[in-house]
Number of protein chains: 2
Amino acid sequence: MTDVARRAGVSAMTVSRALKSDGAVSPKTRQRILKAVEELGYVLDQTAGTLSSKRSSFVAALIPSLNNSNFSDTARGMERALEASGLQLLLGATDYTLEKEERLIEAMLRRRPEGVVVTGGRHTPKARRLLQSAGVPVIETWDLPTGPIEHVVGFSNADAVHALVVRLHLRGYRRIGFIGGTSMRDTRGADRRFGYVRAVEALGLPPGRIVSFGQPPISMEQGGEAMAQMMAEWPDVDAVVCVSDLSAFGALMECHRRGWAVPGRIAIAGFGDFEVARCCHPRITTVSVEPVEIGMAAGTLLWRSIEEARAGRRLAPESRVVPYRILERETT
Amino acid sequence: MTDVARRAGVSAMTVSRALKSDGAVSPKTRQRILKAVEELGYVLDQTAGTLSSKRSSFVAALIPSLNNSNFSDTARGMERALEASGLQLLLGATDYTLEKEERLIEAMLRRRPEGVVVTGGRHTPKARRLLQSAGVPVIETWDLPTGPIEHVVGFSNADAVHALVVRLHLRGYRRIGFIGGTSMRDTRGADRRFGYVRAVEALGLPPGRIVSFGQPPISMEQGGEAMAQMMAEWPDVDAVVCVSDLSAFGALMECHRRGWAVPGRIAIAGFGDFEVARCCHPRITTVSVEPVEIGMAAGTLLWRSIEEARAGRRLAPESRVVPYRILERETT
DNA sequence: CTGTTAGCGCCTTCAC
DNA sequence: GTGAAGGCGCTAACAG
């Protein structure tokens, strides 16, 4: 920066001002400075700027998986909401484990983000502590935790699946099964299963028709294998709710292969309104949760919180419930 | 850090050493320091560390889209290769545009990454200049650029599709079409189309059966619409090559809906070996390119380069060609 | 509108 | 194995 300043015949401070959009520098001086920047191929060192100004101008967002359109859409929504703020979004993928989430939270906090967005309302004790004492706004998404850390943008996965099962019941299905992942590490998956169990109980339907298959995220292939297992164990099942559209699609394809008519012989429903469920044949009944909206709401809320924090104030914790919708399509 | 030092009865410098795994500190002292860190909830400020040590311990990776298993697998491969190095991977999504890539490159460089991985071999002039003068190792992936910036890990998209068309020709197909995106912004898509055009010419097949549909990345739905258009314009087409498995899947589903037998009436091939192509019915013929391998190779190469750079040396530019494989399945 | 001064929090370097 | 001094490159705060 000193080199640029010398070349432009000003002080380093003026260069610094010229490089911020809001810096009060005369147009002529700025012109000269930008020319010098160009000629020298100078790139501002934001590390030093962060240290000096105590503004890192980035926020951290942790999602379970990059390659899941639900979560990558949420990331895109956040990015869109933060576009005008000058805040860069740094993404991390937790691979659906709380341990990796904890490690990522600590790694992110070492870089002093101005805000953090996490997926889900369950965290390791240490992760919770880190987030609470980080001194920056925190948003939990894709869930409605009973004891939130601070802000929340989400919905109840259990309620959503409950509503789906009730709808299937309304359509005449009586022996409804559930296909999900093995472990409880995927807390959203666990909540969805819980919603299924609760609904089956409430409706007085035969319980226990649950196939757990593989570590989350359960793949298309695993959905297919789980479907085969479901039919082998409970041949009377007339509808299956899958933990996500991906496993639902796998289940549907397995039915095609085995000649089980869908929805004639068995109905299938998924979760998440993934493109594959909208595009396949027959189209899969699912629960739509508007991931981009979740991201935009989270991004907007975070930006407001950060502005308050920069002004030395603190935004009161907010909880924003986003709607889900049941999309009945051709598989039920 | 001073607070921690005071509490542990040592100097800040000793705390700094205790917090690096390789720091030469007596076990007892380290114990005391870690205890103080725990009690105070102290989190190291890596920003200051970066400024002081001139090591940011992160690398930037730019991929066209998060929600594309090819690229997110590459990111996972890089992450795996970098795991032991202590380098954090910061991801950015370019949305398949060179303009956003340029902006992201500059934003990343302001944070002083120790290395950069980009997708593809085409960049804006400014992006090229920035990368060349950044003074850190650069790797281009998923392509074999004729004038690489430095290192390369990739394959020729044109050659791969060429080989696919030749294989279809070998199987007896003679009126082969191509479905891809509209613009030339997706350079890998453009290369694939070029490979198709070259192959059709070389084999003396009827040319011009190309449907361009939508901005890249072309979706499943768009693949379906493109297929309908293809059949309307060239009803004699006996095989279609799609720019990716996603559009191929959409095309396949459209055929199901319209009652066109696959592969009886028309054969379909995709690109990328996505899960949906492996799992659907019938399974889609495709080109497999091992995205995780690309990522691991890029990560390993980057790590080696960074070690050299840290030692004040420079690794000679390397080009690593990764193989592709044609997987013939049920749609051809 | 521009310049000067004094750090930001850590790590390098050197001394003991 | 531990400590003291100094500086990384920038920006806040104040002065003019």
# chains A, B, ... in the order shown; residues from 1 in each chain; ligands from 1
$ closest_atom_pairs --of "chain D" --to "chain A" --cutoff "12 Å" --atoms "only C-alpha atoms (C1' of nucleotides)" --output "JSON lines"
{"residue": "D:DC8", "atom": "C1'", "partner": "A:Ala48", "partner_atom": "CA", "distance": 8.1}
{"residue": "D:DG9", "atom": "C1'", "partner": "A:Ala48", "partner_atom": "CA", "distance": 5.1}
{"residue": "D:DC10", "atom": "C1'", "partner": "A:Gly49", "partner_atom": "CA", "distance": 4.7}
{"residue": "D:DT11", "atom": "C1'", "partner": "A:Ser52", "partner_atom": "CA", "distance": 5.4}
{"residue": "D:DA12", "atom": "C1'", "partner": "A:Ser53", "partner_atom": "CA", "distance": 7.3}
{"residue": "D:DA13", "atom": "C1'", "partner": "A:Ser53", "partner_atom": "CA", "distance": 11.9}
$ interface_residues --of "chain A" --to "chain B" --cutoff "7 Å" --atoms "only C-alpha atoms" --output "ChimeraX atom specification"
/A:43-48,51,66-69,72,90-91,110-111,220-221,250,253,279-281
$ write_last_selection --atoms "N, CA and C atoms" --output "compact mmCIF listing (two decimals), in the first residue's frame"
# COMPACT_ATOMS: atom_id res chain seq x y z
N VAL A 43 -3.15 -5.91 -4.73
CA VAL A 43 -4.39 -6.47 -4.17
C VAL A 43 -4.37 -6.21 -2.66
N LEU A 44 -5.40 -5.54 -2.21
CA LEU A 44 -5.52 -5.19 -0.79
C LEU A 44 -5.33 -6.42 0.10
N ASP A 45 -4.64 -6.25 1.20
CA ASP A 45 -4.49 -7.34 2.16
C ASP A 45 -5.58 -7.23 3.22
N GLN A 46 -6.62 -8.03 3.02
CA GLN A 46 -7.77 -7.92 3.90
C GLN A 46 -7.47 -8.45 5.31
N THR A 47 -6.46 -9.33 5.39
CA THR A 47 -6.07 -9.86 6.69
C THR A 47 -5.67 -8.72 7.62
N ALA A 48 -4.81 -7.87 7.11
CA ALA A 48 -4.36 -6.73 7.91
C ALA A 48 -5.52 -5.79 8.20
N LEU A 51 -7.63 -7.14 10.99
CA LEU A 51 -6.99 -7.00 12.29
C LEU A 51 -7.14 -5.56 12.81
N LEU A 66 -22.77 -30.28 0.78
CA LEU A 66 -22.82 -29.33 -0.34
C LEU A 66 -23.74 -29.86 -1.41
N ASN A 67 -23.64 -31.18 -1.62
CA ASN A 67 -24.31 -31.77 -2.75
C ASN A 67 -25.72 -32.23 -2.39
N ASN A 68 -26.49 -31.28 -1.91
CA ASN A 68 -27.88 -31.56 -1.58
C ASN A 68 -28.59 -30.27 -1.92
N SER A 69 -29.47 -30.33 -2.89
CA SER A 69 -30.00 -29.07 -3.41
C SER A 69 -30.73 -28.29 -2.33
N SER A 72 -27.77 -26.50 -0.58
CA SER A 72 -27.03 -25.57 -1.45
C SER A 72 -27.97 -24.43 -1.88
N LEU A 90 -18.67 -17.83 3.79
CA LEU A 90 -17.76 -18.97 3.79
C LEU A 90 -18.52 -20.21 4.20
N LEU A 91 -18.50 -21.21 3.31
CA LEU A 91 -19.29 -22.41 3.54
C LEU A 91 -18.45 -23.52 4.12
N ARG A 110 -11.91 -19.03 14.64
CA ARG A 110 -10.53 -18.56 14.67
C ARG A 110 -10.31 -17.45 13.65
N ARG A 111 -11.13 -17.46 12.61
CA ARG A 111 -11.00 -16.41 11.58
C ARG A 111 -11.93 -15.24 11.86
N MET A 220 -30.00 -42.77 -3.12
CA MET A 220 -31.04 -43.33 -3.99
C MET A 220 -30.98 -44.85 -3.95
N GLU A 221 -29.77 -45.37 -4.15
CA GLU A 221 -29.61 -46.83 -4.16
C GLU A 221 -30.11 -47.45 -2.85
N GLY A 250 -35.18 -43.63 -5.32
CA GLY A 250 -34.58 -44.96 -5.37
C GLY A 250 -35.63 -46.04 -5.14
N MET A 253 -37.79 -46.41 -8.27
CA MET A 253 -37.12 -47.13 -9.36
C MET A 253 -37.07 -48.62 -9.06
N CYS A 279 -39.43 -34.40 -11.65
CA CYS A 279 -39.14 -34.66 -13.05
C CYS A 279 -39.34 -36.12 -13.42
N CYS A 280 -39.32 -37.01 -12.43
CA CYS A 280 -39.35 -38.43 -12.75
C CYS A 280 -40.78 -38.85 -13.11
N HIS A 281 -40.93 -40.12 -13.41
CA HIS A 281 -42.23 -40.60 -13.87
C HIS A 281 -42.58 -41.88 -13.14
$ residues_around --residues "Pro137 (chain A)" --least-positions-apart "6" --cutoff "9 Å" --atoms "only C-alpha atoms (C1' of nucleotides)" --output "list in words"
Glu114, Gly115, Val116, Val117, Leu131, Glu150, His151, Leu302, Ser305, Ile306, Ala309, Arg314 and Leu315 of chain A
$ write_last_selection --atoms "N, CA and C atoms" --output "JSON list (two decimals), in the first residue's frame"
[["chain", "number", "residue", "atom", "x", "y", "z"],
["A", 114, "GLU", "N", -18.20, -12.43, 11.31],
["A", 114, "GLU", "CA", -19.09, -11.45, 11.95],
["A", 114, "GLU", "C", -20.46, -12.06, 12.25],
["A", 115, "GLY", "N", -20.66, -13.30, 11.84],
["A", 115, "GLY", "CA", -21.91, -13.99, 12.12],
["A", 115, "GLY", "C", -21.77, -15.45, 11.73],
["A", 116, "VAL", "N", -22.63, -16.29, 12.30],
["A", 116, "VAL", "CA", -22.56, -17.72, 12.00],
["A", 116, "VAL", "C", -23.97, -18.26, 11.77],
["A", 117, "VAL", "N", -24.11, -19.06, 10.71],
["A", 117, "VAL", "CA", -25.37, -19.76, 10.46],
["A", 117, "VAL", "C", -25.09, -21.25, 10.51],
["A", 131, "LEU", "N", -20.32, -21.11, 20.25],
["A", 131, "LEU", "CA", -21.21, -20.19, 19.54],
["A", 131, "LEU", "C", -21.75, -19.11, 20.48],
["A", 150, "GLU", "N", -29.69, -18.43, 19.61],
["A", 150, "GLU", "CA", -30.08, -17.03, 19.48],
["A", 150, "GLU", "C", -31.24, -16.93, 18.47],
["A", 151, "HIS", "N", -30.94, -16.67, 17.21],
["A", 151, "HIS", "CA", -32.00, -16.56, 16.22],
["A", 151, "HIS", "C", -32.32, -17.92, 15.59],
["A", 302, "LEU", "N", -29.37, -12.12, 9.59],
["A", 302, "LEU", "CA", -27.97, -12.03, 10.01],
["A", 302, "LEU", "C", -27.42, -10.63, 9.72],
["A", 305, "SER", "N", -28.68, -8.20, 12.20],
["A", 305, "SER", "CA", -27.99, -8.39, 13.48],
["A", 305, "SER", "C", -26.58, -7.81, 13.46],
["A", 306, "ILE", "N", -25.91, -8.00, 12.33],
["A", 306, "ILE", "CA", -24.53, -7.53, 12.24],
["A", 306, "ILE", "C", -24.50, -6.01, 12.24],
["A", 309, "ALA", "N", -24.90, -5.02, 15.71],
["A", 309, "ALA", "CA", -23.67, -5.30, 16.46],
["A", 309, "ALA", "C", -22.60, -4.25, 16.16],
["A", 314, "ARG", "N", -27.61, -4.75, 20.16],
["A", 314, "ARG", "CA", -27.82, -6.18, 19.96],
["A", 314, "ARG", "C", -29.29, -6.41, 19.60],
["A", 315, "LEU", "N", -29.51, -7.13, 18.52],
["A", 315, "LEU", "CA", -30.87, -7.43, 18.09],
["A", 315, "LEU", "C", -31.45, -8.50, 18.99]]
$ interface_residues --of "chain C" --to "chain A" --cutoff "12 Å" --atoms "only C-alpha atoms (C1' of nucleotides)" --output "list in words"
DC1, DT2, DG3, DT4, DT5, DA6, DG7, DC8, DG9 and DC10 of chain C
$ write_last_selection --atoms "C-alpha atoms (C1' of nucleotides)" --output "mmCIF file, in the first residue's frame"
data_model
loop_
_atom_site.group_PDB
_atom_site.id
_atom_site.type_symbol
_atom_site.label_atom_id
_atom_site.label_comp_id
_atom_site.auth_asym_id
_atom_site.auth_seq_id
_atom_site.Cartn_x
_atom_site.Cartn_y
_atom_site.Cartn_z
ATOM 1 C "C1'" DC C 1 -10.059 16.257 1.602
ATOM 2 C "C1'" DT C 2 -5.565 14.569 3.369
ATOM 3 C "C1'" DG C 3 -1.843 13.326 6.662
ATOM 4 C "C1'" DT C 4 0.182 11.588 11.198
ATOM 5 C "C1'" DT C 5 0.297 8.615 14.980
ATOM 6 C "C1'" DA C 6 -0.637 4.568 17.258
ATOM 7 C "C1'" DG C 7 -2.085 0.376 17.602
ATOM 8 C "C1'" DC C 8 -4.955 -4.390 16.082
ATOM 9 C "C1'" DG C 9 -3.088 -9.700 18.228
ATOM 10 C "C1'" DC C 10 -0.106 -12.542 17.047
#
$ select_by_dssp --residues "region 148-238 of chain B" --states "helix (DSSP H, G or I)" --output "count of residues only"
45
$ select_by_dssp --residues "region 192-263 of chain B" --states "strand (DSSP E)" --output "JSON, numbers by chain"
{"B": [210, 211, 212, 239, 240, 241, 242]}
$ atom_distance --atom1 "CA of Leu205 (chain A)" --atom2 "CA of Phe271 (chain A)"
20.9 Å
$ residues_around --residues "Tyr196 (chain A)" --least-positions-apart "6" --cutoff "9 Å" --atoms "only C-alpha atoms (C1' of nucleotides)" --output "list of chain:residue names"
A:Ala158, A:Asp159, A:Val161, A:His162, A:Ala163, A:Leu164, A:Val165, A:Gly177, A:Phe178, A:Val241
$ residues_around --residues "Leu168 (chain A)" --least-positions-apart "4" --cutoff "9 Å" --atoms "only C-alpha atoms (C1' of nucleotides)" --output "number ranges by chain"
A: 163-164, 172-174, 176, 239, 269, 332
$ residues_around --residues "Leu87 (chain A)" --least-positions-apart "6" --cutoff "7 Å" --atoms "only C-alpha atoms (C1' of nucleotides)" --output "MDAnalysis selection string"
chainID A and resid 57:59
$ write_last_selection --atoms "C-alpha atoms" --output "compact mmCIF listing (two decimals), in the first residue's frame"
# COMPACT_ATOMS: atom_id res chain seq x y z
CA SER A 57 -16.49 -8.92 6.48
CA PHE A 58 -17.32 -12.56 6.24
CA VAL A 59 -19.93 -14.83 7.75
$ residues_around --residues "Ile139 (chain A)" --least-positions-apart "6" --cutoff "12 Å" --atoms "only C-alpha atoms (C1' of nucleotides)" --output "VMD selection string"
chain A and resid 59 to 62 78 114 to 121 128 131 to 132 145 148 to 154 294 to 295 297 to 306 317 to 320
$ write_last_selection --atoms "C-alpha atoms" --output "CSV table (one decimal), in the first residue's frame"
chain,number,residue,atom,x,y,z
A,59,VAL,CA,-19.9,-14.8,7.7
A,60,ALA,CA,-19.7,-18.6,8.2
A,61,ALA,CA,-22.4,-21.0,7.2
A,62,LEU,CA,-22.4,-24.6,8.0
A,78,MET,CA,-28.0,-16.5,2.0
A,114,GLU,CA,-19.1,-11.5,11.9
A,115,GLY,CA,-21.9,-14.0,12.1
A,116,VAL,CA,-22.6,-17.7,12.0
A,117,VAL,CA,-25.4,-19.8,10.5
A,118,VAL,CA,-25.7,-23.4,11.4
A,119,THR,CA,-28.1,-26.1,10.2
A,120,GLY,CA,-30.2,-27.7,12.8
A,121,GLY,CA,-30.8,-27.2,16.5
A,128,ARG,CA,-22.9,-24.6,21.8
A,131,LEU,CA,-21.2,-20.2,19.5
A,132,GLN,CA,-22.7,-18.6,22.6
A,145,PRO,CA,-35.0,-25.9,18.5
A,148,PRO,CA,-32.3,-21.9,20.6
A,149,ILE,CA,-28.8,-20.3,20.8
A,150,GLU,CA,-30.1,-17.0,19.5
A,151,HIS,CA,-32.0,-16.6,16.2
A,152,VAL,CA,-33.9,-19.3,14.4
A,153,VAL,CA,-35.2,-19.6,10.8
A,154,GLY,CA,-36.9,-23.0,10.3
A,294,ILE,CA,-34.8,-20.1,4.5
A,295,GLY,CA,-31.5,-18.9,3.2
A,297,ALA,CA,-34.5,-15.1,5.6
A,298,ALA,CA,-31.4,-16.2,7.5
A,299,GLY,CA,-29.2,-13.9,5.4
A,300,THR,CA,-31.4,-10.9,6.0
A,301,LEU,CA,-31.7,-11.5,9.7
A,302,LEU,CA,-28.0,-12.0,10.0
A,303,TRP,CA,-27.2,-8.8,8.2
A,304,ARG,CA,-29.6,-6.9,10.4
A,305,SER,CA,-28.0,-8.4,13.5
A,306,ILE,CA,-24.5,-7.5,12.2
A,317,PRO,CA,-33.4,-13.0,19.4
A,318,GLU,CA,-36.0,-13.7,16.6
A,319,SER,CA,-37.6,-17.0,15.6
A,320,ARG,CA,-38.9,-17.1,12.1
